[in-house]
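Visitor: Please find start_24.pdb (PDB, C-alpha atoms) on the next line:
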```pdb
ATOM      1  CA  MET A  13     285.930 123.545 -14.206  1.00  0.00           C
ATOM      2  CA  ALA A  14     284.246 126.336 -16.142  1.00  0.00           C
ATOM      3  CA  TYR A  15     284.226 129.993 -15.137  1.00  0.00           C
ATOM      4  CA  ARG A  16     281.068 131.861 -16.034  1.00  0.00           C
ATOM      5  CA  ALA A  17     278.682 134.491 -14.825  1.00  0.00           C
ATOM      6  CA  THR A  18     275.833 133.639 -12.505  1.00  0.00           C
ATOM      7  CA  GLY A  19     272.346 132.697 -13.573  1.00  0.00           C
ATOM      8  CA  GLU A  20     270.496 129.430 -13.908  1.00  0.00           C
ATOM      9  CA  THR A  21     272.740 126.620 -12.706  1.00  0.00           C
ATOM     10  CA  GLY A  22     271.189 124.302 -15.279  1.00  0.00           C
ATOM     11  CA  TYR A  23     271.123 121.170 -13.115  1.00  0.00           C
ATOM     12  CA  GLY A  24     273.572 118.756 -14.672  1.00  0.00           C
ATOM     13  CA  THR A  25     275.988 121.356 -16.051  1.00  0.00           C
ATOM     14  CA  THR A  26     279.598 121.448 -14.928  1.00  0.00           C
ATOM     15  CA  SER A  27     280.811 123.282 -11.848  1.00  0.00           C
ATOM     16  CA  PHE A  28     281.596 126.948 -12.175  1.00  0.00           C
ATOM     17  CA  ARG A  29     283.240 129.660 -10.115  1.00  0.00           C
ATOM     18  CA  THR A  30     281.967 133.143  -9.477  1.00  0.00           C
ATOM     19  CA  THR A  31     283.637 136.149  -7.873  1.00  0.00           C
ATOM     20  CA  ALA A  32     282.324 139.474  -6.638  1.00  0.00           C
ATOM     21  CA  SER A  33     283.567 141.166  -9.809  1.00  0.00           C
ATOM     22  CA  ASP A  34     281.512 138.966 -12.168  1.00  0.00           C
ATOM     23  CA  ARG A  35     278.242 138.907 -10.229  1.00  0.00           C
ATOM     24  CA  ARG A  36     275.064 140.656 -11.198  1.00  0.00           C
ATOM     25  CA  VAL A  37     274.089 143.330  -8.660  1.00  0.00           C
ATOM     26  CA  VAL A  38     270.329 143.731  -8.231  1.00  0.00           C
ATOM     27  CA  PRO A  39     268.276 146.116  -6.100  1.00  0.00           C
ATOM     28  CA  TRP A  40     266.185 144.765  -3.270  1.00  0.00           C
ATOM     29  CA  LEU A  41     262.476 144.512  -4.086  1.00  0.00           C
ATOM     30  CA  ASN A  42     261.787 147.460  -1.771  1.00  0.00           C
ATOM     31  CA  GLY A  43     264.684 149.507  -3.215  1.00  0.00           C
ATOM     32  CA  GLN A  44     266.445 149.989   0.143  1.00  0.00           C
ATOM     33  CA  GLY A  45     269.647 148.137  -0.779  1.00  0.00           C
ATOM     34  CA  THR A  46     271.408 145.857  -3.255  1.00  0.00           C
ATOM     35  CA  THR A  47     272.544 142.245  -3.420  1.00  0.00           C
ATOM     36  CA  GLN A  48     275.060 140.332  -5.546  1.00  0.00           C
ATOM     37  CA  VAL A  49     273.562 137.161  -6.994  1.00  0.00           C
ATOM     38  CA  VAL A  50     275.899 134.178  -6.491  1.00  0.00           C
ATOM     39  CA  ALA A  51     273.588 131.626  -8.150  1.00  0.00           C
ATOM     40  CA  GLU A  52     269.849 131.256  -8.729  1.00  0.00           C
ATOM     41  CA  THR A  53     267.036 129.423 -10.421  1.00  0.00           C
ATOM     42  CA  GLY A  54     263.320 130.195 -10.440  1.00  0.00           C
ATOM     43  CA  ASP A  55     262.994 128.260  -7.158  1.00  0.00           C
ATOM     44  CA  TRP A  56     265.950 129.530  -5.140  1.00  0.00           C
ATOM     45  CA  ARG A  57     268.614 132.200  -4.881  1.00  0.00           C
ATOM     46  CA  VAL A  58     271.918 132.611  -3.056  1.00  0.00           C
ATOM     47  CA  SER A  59     273.180 136.181  -2.787  1.00  0.00           C
ATOM     48  CA  ILE A  60     275.366 138.499  -0.736  1.00  0.00           C
ATOM     49  CA  ALA A  61     273.647 141.698   0.387  1.00  0.00           C
ATOM     50  CA  GLU A  62     275.146 145.033   1.323  1.00  0.00           C
ATOM     51  CA  GLU A  63     273.516 145.688   4.689  1.00  0.00           C
ATOM     52  CA  PRO A  64     272.956 149.387   5.428  1.00  0.00           C
ATOM     53  CA  LEU A  65     272.861 150.752   8.981  1.00  0.00           C
ATOM     54  CA  GLU A  66     269.066 150.513   8.962  1.00  0.00           C
ATOM     55  CA  SER A  67     266.605 149.082   6.468  1.00  0.00           C
ATOM     56  CA  THR A  68     263.474 146.992   6.154  1.00  0.00           C
ATOM     57  CA  PHE A  69     263.480 143.546   4.586  1.00  0.00           C
ATOM     58  CA  SER A  70     261.472 143.035   1.405  1.00  0.00           C
ATOM     59  CA  VAL A  71     258.456 140.743   1.532  1.00  0.00           C
ATOM     60  CA  ILE A  72     259.122 137.651  -0.584  1.00  0.00           C
ATOM     61  CA  ALA A  73     255.910 135.662  -0.172  1.00  0.00           C
ATOM     62  CA  GLY A  74     256.045 131.894  -0.604  1.00  0.00           C
ATOM     63  CA  TYR A  75     259.779 131.627   0.154  1.00  0.00           C
ATOM     64  CA  ASP A  76     261.753 130.555   3.202  1.00  0.00           C
ATOM     65  CA  ARG A  77     264.869 132.577   3.959  1.00  0.00           C
ATOM     66  CA  LEU A  78     268.184 132.232   5.789  1.00  0.00           C
ATOM     67  CA  ILE A  79     270.429 135.179   6.588  1.00  0.00           C
ATOM     68  CA  ILE A  80     274.002 134.982   7.863  1.00  0.00           C
ATOM     69  CA  PRO A  81     276.053 138.106   8.651  1.00  0.00           C
ATOM     70  CA  ILE A  82     279.457 137.440   7.041  1.00  0.00           C
ATOM     71  CA  GLY A  83     281.242 140.574   8.223  1.00  0.00           C
ATOM     72  CA  SER A  84     282.264 141.272  11.816  1.00  0.00           C
ATOM     73  CA  VAL A  85     279.004 143.041  12.716  1.00  0.00           C
ATOM     74  CA  ALA A  86     275.811 141.535  14.148  1.00  0.00           C
ATOM     75  CA  LEU A  87     272.403 142.274  12.630  1.00  0.00           C
ATOM     76  CA  GLU A  88     269.415 143.097  14.792  1.00  0.00           C
ATOM     77  CA  LEU A  89     266.021 142.207  13.293  1.00  0.00           C
ATOM     78  CA  THR A  90     262.832 143.548  14.887  1.00  0.00           C
ATOM     79  CA  GLY A  91     259.220 143.213  13.889  1.00  0.00           C
ATOM     80  CA  PRO A  92     255.962 141.483  14.741  1.00  0.00           C
ATOM     81  CA  PRO A  93     256.140 137.739  15.486  1.00  0.00           C
ATOM     82  CA  PHE A  94     256.324 135.590  12.330  1.00  0.00           C
ATOM     83  CA  SER A  95     252.771 134.343  12.689  1.00  0.00           C
ATOM     84  CA  ALA A  96     251.109 137.481  14.075  1.00  0.00           C
ATOM     85  CA  THR A  97     248.634 137.821  11.209  1.00  0.00           C
ATOM     86  CA  GLU A  98     248.019 134.077  10.796  1.00  0.00           C
ATOM     87  CA  ASP A  99     247.329 133.356  14.465  1.00  0.00           C
ATOM     88  CA  GLY A 100     245.421 136.553  15.194  1.00  0.00           C
ATOM     89  CA  LEU A 101     248.140 137.719  17.585  1.00  0.00           C
ATOM     90  CA  ASP A 102     248.434 141.389  18.391  1.00  0.00           C
ATOM     91  CA  ALA A 103     250.597 142.810  15.585  1.00  0.00           C
ATOM     92  CA  ALA A 104     251.762 145.532  18.011  1.00  0.00           C
ATOM     93  CA  ILE A 105     253.934 142.935  19.745  1.00  0.00           C
ATOM     94  CA  VAL A 106     257.555 143.264  18.605  1.00  0.00           C
ATOM     95  CA  VAL A 107     260.176 140.524  18.667  1.00  0.00           C
ATOM     96  CA  ARG A 108     263.912 141.147  18.490  1.00  0.00           C
ATOM     97  CA  HIS A 109     266.518 138.763  17.098  1.00  0.00           C
ATOM     98  CA  VAL A 110     270.247 139.513  17.195  1.00  0.00           C
ATOM     99  CA  ILE A 111     272.164 137.476  14.630  1.00  0.00           C
ATOM    100  CA  GLU A 112     275.853 137.348  15.418  1.00  0.00           C
ATOM    101  CA  PRO A 113     278.449 137.084  12.634  1.00  0.00           C
ATOM    102  CA  LEU A 114     278.508 133.639  10.986  1.00  0.00           C
ATOM    103  CA  GLN A 115     275.301 132.583  12.753  1.00  0.00           C
ATOM    104  CA  SER A 116     272.279 131.693  10.625  1.00  0.00           C
ATOM    105  CA  PHE A 117     268.728 132.831  11.154  1.00  0.00           C
ATOM    106  CA  ALA A 118     265.755 131.316   9.321  1.00  0.00           C
ATOM    107  CA  PHE A 119     262.463 133.111   8.739  1.00  0.00           C
ATOM    108  CA  PRO A 120     259.524 133.135   6.319  1.00  0.00           C
ATOM    109  CA  GLY A 121     259.708 135.489   3.345  1.00  0.00           C
ATOM    110  CA  GLU A 122     256.429 137.083   4.412  1.00  0.00           C
ATOM    111  CA  TRP A 123     258.200 138.572   7.456  1.00  0.00           C
ATOM    112  CA  ALA A 124     259.649 142.017   6.742  1.00  0.00           C
ATOM    113  CA  PRO A 125     261.555 143.053   9.874  1.00  0.00           C
ATOM    114  CA  THR A 126     263.543 146.209  10.389  1.00  0.00           C
ATOM    115  CA  SER A 127     267.279 145.505  10.277  1.00  0.00           C
ATOM    116  CA  ARG A 128     269.908 147.482  12.181  1.00  0.00           C
ATOM    117  CA  ALA A 129     273.697 147.164  12.219  1.00  0.00           C
ATOM    118  CA  ALA A 130     276.365 149.100  14.131  1.00  0.00           C
ATOM    119  CA  SER A 131     278.205 149.653  10.843  1.00  0.00           C
ATOM    120  CA  ARG A 132     277.717 148.689   7.212  1.00  0.00           C
ATOM    121  CA  THR A 133     278.262 144.985   6.682  1.00  0.00           C
ATOM    122  CA  ARG A 134     277.455 142.135   4.310  1.00  0.00           C
ATOM    123  CA  ALA A 135     275.146 139.167   4.730  1.00  0.00           C
ATOM    124  CA  LEU A 136     274.707 135.852   2.961  1.00  0.00           C
ATOM    125  CA  ASN A 137     271.084 135.346   1.929  1.00  0.00           C
ATOM    126  CA  VAL A 138     269.642 131.997   0.895  1.00  0.00           C
ATOM    127  CA  MET A 139     266.033 131.848  -0.294  1.00  0.00           C
ATOM    128  CA  ALA A 140     264.039 128.802  -1.429  1.00  0.00           C
ATOM    129  CA  ARG A 141     260.485 128.497  -2.697  1.00  0.00           C
ATOM    130  CA  ARG A 142     258.519 126.903   0.147  1.00  0.00           C
ATOM    131  CA  GLY A 143     257.503 123.298  -0.581  1.00  0.00           C
ATOM    132  CA  VAL A 144     259.623 123.183  -3.761  1.00  0.00           C
ATOM    133  CA  ALA A 145     263.245 123.528  -2.639  1.00  0.00           C
ATOM    134  CA  ASP A 146     265.018 122.780   0.646  1.00  0.00           C
ATOM    135  CA  MET A 147     268.153 124.564   1.815  1.00  0.00           C
ATOM    136  CA  MET A 148     270.882 123.900   4.349  1.00  0.00           C
ATOM    137  CA  VAL A 149     273.904 126.034   5.267  1.00  0.00           C
ATOM    138  CA  GLU A 150     276.950 124.837   7.182  1.00  0.00           C
ATOM    139  CA  ILE A 151     279.599 127.310   8.284  1.00  0.00           C
ATOM    140  CA  GLY A 152     283.251 126.456   8.856  1.00  0.00           C
ATOM    141  CA  SER A 153     282.991 122.694   8.551  1.00  0.00           C
ATOM    142  CA  SER A 154     285.920 120.717   7.188  1.00  0.00           C
ATOM    143  CA  GLU A 155     283.606 117.792   6.505  1.00  0.00           C
ATOM    144  CA  ILE A 156     281.889 117.984   3.140  1.00  0.00           C
ATOM    145  CA  PRO A 157     278.471 116.379   3.553  1.00  0.00           C
ATOM    146  CA  ASP A 158     277.434 113.853   0.913  1.00  0.00           C
ATOM    147  CA  ARG A 159     274.624 115.751  -0.727  1.00  0.00           C
ATOM    148  CA  SER A 160     275.400 114.762  -4.293  1.00  0.00           C
ATOM    149  CA  GLY A 161     271.687 115.022  -5.158  1.00  0.00           C
ATOM    150  CA  SER A 162     271.755 118.746  -4.337  1.00  0.00           C
ATOM    151  CA  VAL A 163     273.289 121.850  -5.817  1.00  0.00           C
ATOM    152  CA  ARG A 164     276.160 122.755  -3.478  1.00  0.00           C
ATOM    153  CA  ILE A 165     277.763 126.155  -3.252  1.00  0.00           C
ATOM    154  CA  CYS A 166     281.034 126.643  -1.417  1.00  0.00           C
ATOM    155  CA  LEU A 167     281.406 130.314  -0.510  1.00  0.00           C
ATOM    156  CA  ASP A 168     284.827 131.407   0.749  1.00  0.00           C
ATOM    157  CA  LEU A 169     283.970 133.723   3.636  1.00  0.00           C
ATOM    158  CA  ALA A 170     287.176 135.757   3.300  1.00  0.00           C
ATOM    159  CA  THR A 171     287.199 136.406  -0.455  1.00  0.00           C
ATOM    160  CA  GLU A 172     283.490 135.767  -1.209  1.00  0.00           C
ATOM    161  CA  ASP A 173     284.529 133.633  -4.183  1.00  0.00           C
ATOM    162  CA  ALA A 174     282.108 130.778  -4.776  1.00  0.00           C
ATOM    163  CA  LEU A 175     282.178 127.371  -6.425  1.00  0.00           C
ATOM    164  CA  VAL A 176     278.771 126.132  -7.638  1.00  0.00           C
ATOM    165  CA  VAL A 177     278.609 122.332  -7.944  1.00  0.00           C
ATOM    166  CA  PRO A 178     275.566 120.770  -9.659  1.00  0.00           C
ATOM    167  CA  PRO A 179     273.897 117.558  -8.496  1.00  0.00           C
ATOM    168  CA  GLY A 180     275.862 114.396  -9.231  1.00  0.00           C
ATOM    169  CA  GLU A 181     279.252 116.101  -9.384  1.00  0.00           C
ATOM    170  CA  LEU A 182     281.824 115.548  -6.626  1.00  0.00           C
ATOM    171  CA  MET A 183     282.526 118.432  -4.269  1.00  0.00           C
ATOM    172  CA  PRO A 184     286.247 119.224  -4.049  1.00  0.00           C
ATOM    173  CA  PRO A 185     287.942 119.436  -0.628  1.00  0.00           C
ATOM    174  CA  VAL A 186     287.780 122.773   1.193  1.00  0.00           C
ATOM    175  CA  ARG A 187     289.927 124.345   3.888  1.00  0.00           C
ATOM    176  CA  PRO A 188     288.300 124.120   7.333  1.00  0.00           C
ATOM    177  CA  GLY A 189     286.775 127.254   8.758  1.00  0.00           C
ATOM    178  CA  ARG A 190     286.847 129.297   5.575  1.00  0.00           C
ATOM    179  CA  CYS A 191     283.695 128.255   3.758  1.00  0.00           C
ATOM    180  CA  ALA A 192     279.956 128.313   3.972  1.00  0.00           C
ATOM    181  CA  ILE A 193     278.586 125.193   2.286  1.00  0.00           C
ATOM    182  CA  ILE A 194     275.078 125.810   0.949  1.00  0.00           C
ATOM    183  CA  SER A 195     273.072 122.778  -0.193  1.00  0.00           C
ATOM    184  CA  ILE A 196     269.833 123.196  -2.121  1.00  0.00           C
ATOM    185  CA  SER A 197     267.638 120.311  -3.235  1.00  0.00           C
ATOM    186  CA  THR A 198     264.392 120.359  -5.152  1.00  0.00           C
TER     187      THR A 198
END
```
Just give me the structure as structure tokens.

Guide:
Amino acid sequence: MAYRATGETGYGTTSFRTTASDRRVVPWLNGQGTTQVVAETGDWRVSIAEEPLESTFSVIAGYDRLIIPIGSVALELTGPPFSATEDGLDAAIVVRHVIEPLQSFAFPGEWAPTSRAASRTRALNVMARRGVADMMVEIGSSEIPDRSGSVRICLDLATEDALVVPPGELMPPVRPGRCAIISIST
């Protein structure tokens, strides 16, 4: 297994590991925070964001997103309903979603809610270009799903170390309850 920095996974390359110390840190598009890129291509990205006490999500049009708080603090997202502008709904209506630790929440990249947390925390972010890539995240499972046609990323929730496994390569066994298994297919 090769160790290397993040970047294009180059479908068909060998597995590689990444740790917090070797990841590229990039600013959010709106400049309100930063994220560590675990792995990415032009069609998807998996990253771990530093979540401030309050911020606004960046608009990432054309992408679907999943967020999972991986610390011990819930995130509260508030904003207009997802489809307020599309359906002609009153944009003054506000919806509130509380995402508990290790729970996932999916939303379109066009939605830019306000995020609040009781204390600084971290969140796993998975983004995929809509209609091009599909994503699935499973938390704490001891069963490794057979998704050998997908890129799979096993993120250790305690250490934040990750193993990136390209399509066609076998996924090694993982300890139950410690990993988030992210599968991305194009």

Visitor: Quick one: pull the distance between atom CA of Ser116 of chain A and atom CA of Trp40 of chain A, Å, one decimal.

Guide: 20.0 Å

Visitor: Which distance in Å separates atom CA of His109 of chain A and atom CA of Ala170 of chain A, to one decimal?

Guide: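 Those two atoms sit 25.0 Å apart.
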
Visitor: Hey, what comes out of the PyMOL selection byres ((chain A and resi 60-70) around 10) on this file? Could you write it as a ChimeraX atom specification?

Guide: /A:32,35,37-50,58-59,71-73,79-83,87-91,121-138,172

Visitor: Hey, what comes out of the PyMOL selection byres ((chain A and resi 76) around 10) on this file? Could you write it as a list in words?

Guide: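 So the PyMOL selection byres ((chain A and resi 76) around 10), applied here, picks out Trp56, Ile72, Ala73, Gly74, Tyr75, Arg77, Leu78, Ala118, Phe119, Pro120, Gly121, Glu122, Trp123, Val138, Met139, Ala140, Arg141, Arg142, Gly143, Ala145, Asp146 and Met147 of chain A.
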
Visitor: Identify which of the residues A:Ile111, A:Cys166, A:Met183, A:Ala86 lies closest to Thr31 of chain A, counting all atoms listed in the file when measuring atom-to-atom distances.

Guide: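 Comparing A:Ile111, A:Cys166, A:Met183, A:Ala86 against Thr31 of chain A, the winner is A:Cys166.
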
Visitor: Calculated over all atoms listed in the file, which of the candidates A:Thr30, A:Ser84, A:Gln115, A:Thr198 has the smallest distance to Thr171 of chain A?

Guide: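 The closest residue to Thr171 of chain A is A:Thr30.
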
Visitor: Taking the file as shown, what set of residues would the PyMOL selection byres ((chain A and resi 191-194) around 8) give back, as a list in words?

Guide: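 Matching residues under the PyMOL selection byres ((chain A and resi 191-194) around 8) are Met147, Met148, Val149, Glu150, Ile151, Gly152, Ser153, Ile156, Arg164, Ile165, Cys166, Leu167, Asp168, Leu169, Val186, Arg187, Pro188, Gly189, Arg190, Ser195 and Ile196 of chain A.
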
Visitor: Considering all atoms listed in the file, can you say which of A:Thr53, A:Val85, A:Val163, A:Phe94 comes closest to Glu112 of chain A?

Guide: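 Smallest separation from Glu112 of chain A among the options: A:Val85.
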
Visitor: Hey, can you check how far atom CA of Arg108 of chain A sits from atom CA of Pro93 of chain A?

Guide: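 Those two atoms sit 9.0 Å apart.
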
Visitor: Report the centre and edge lengths, in Å to one decimal, of an axis-aligned box enclosing every atom of segment 75-84 of chain A listed in the file, padded by 6 Å on each side, as AutoDock Vina command-line options.

Guide:
```
--center_x 271.0 --center_y 135.9 --center_z 6.0 --size_x 34.5 --size_y 22.7 --size_z 23.7
```

Visitor: For Ala174 of chain A, which residue among A:Val110, A:Ala51, A:Ile105, A:Val144 is the nearest when counting all atoms listed in the file?

Guide: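 Comparing A:Val110, A:Ala51, A:Ile105, A:Val144 against Ala174 of chain A, the winner is A:Ala51.
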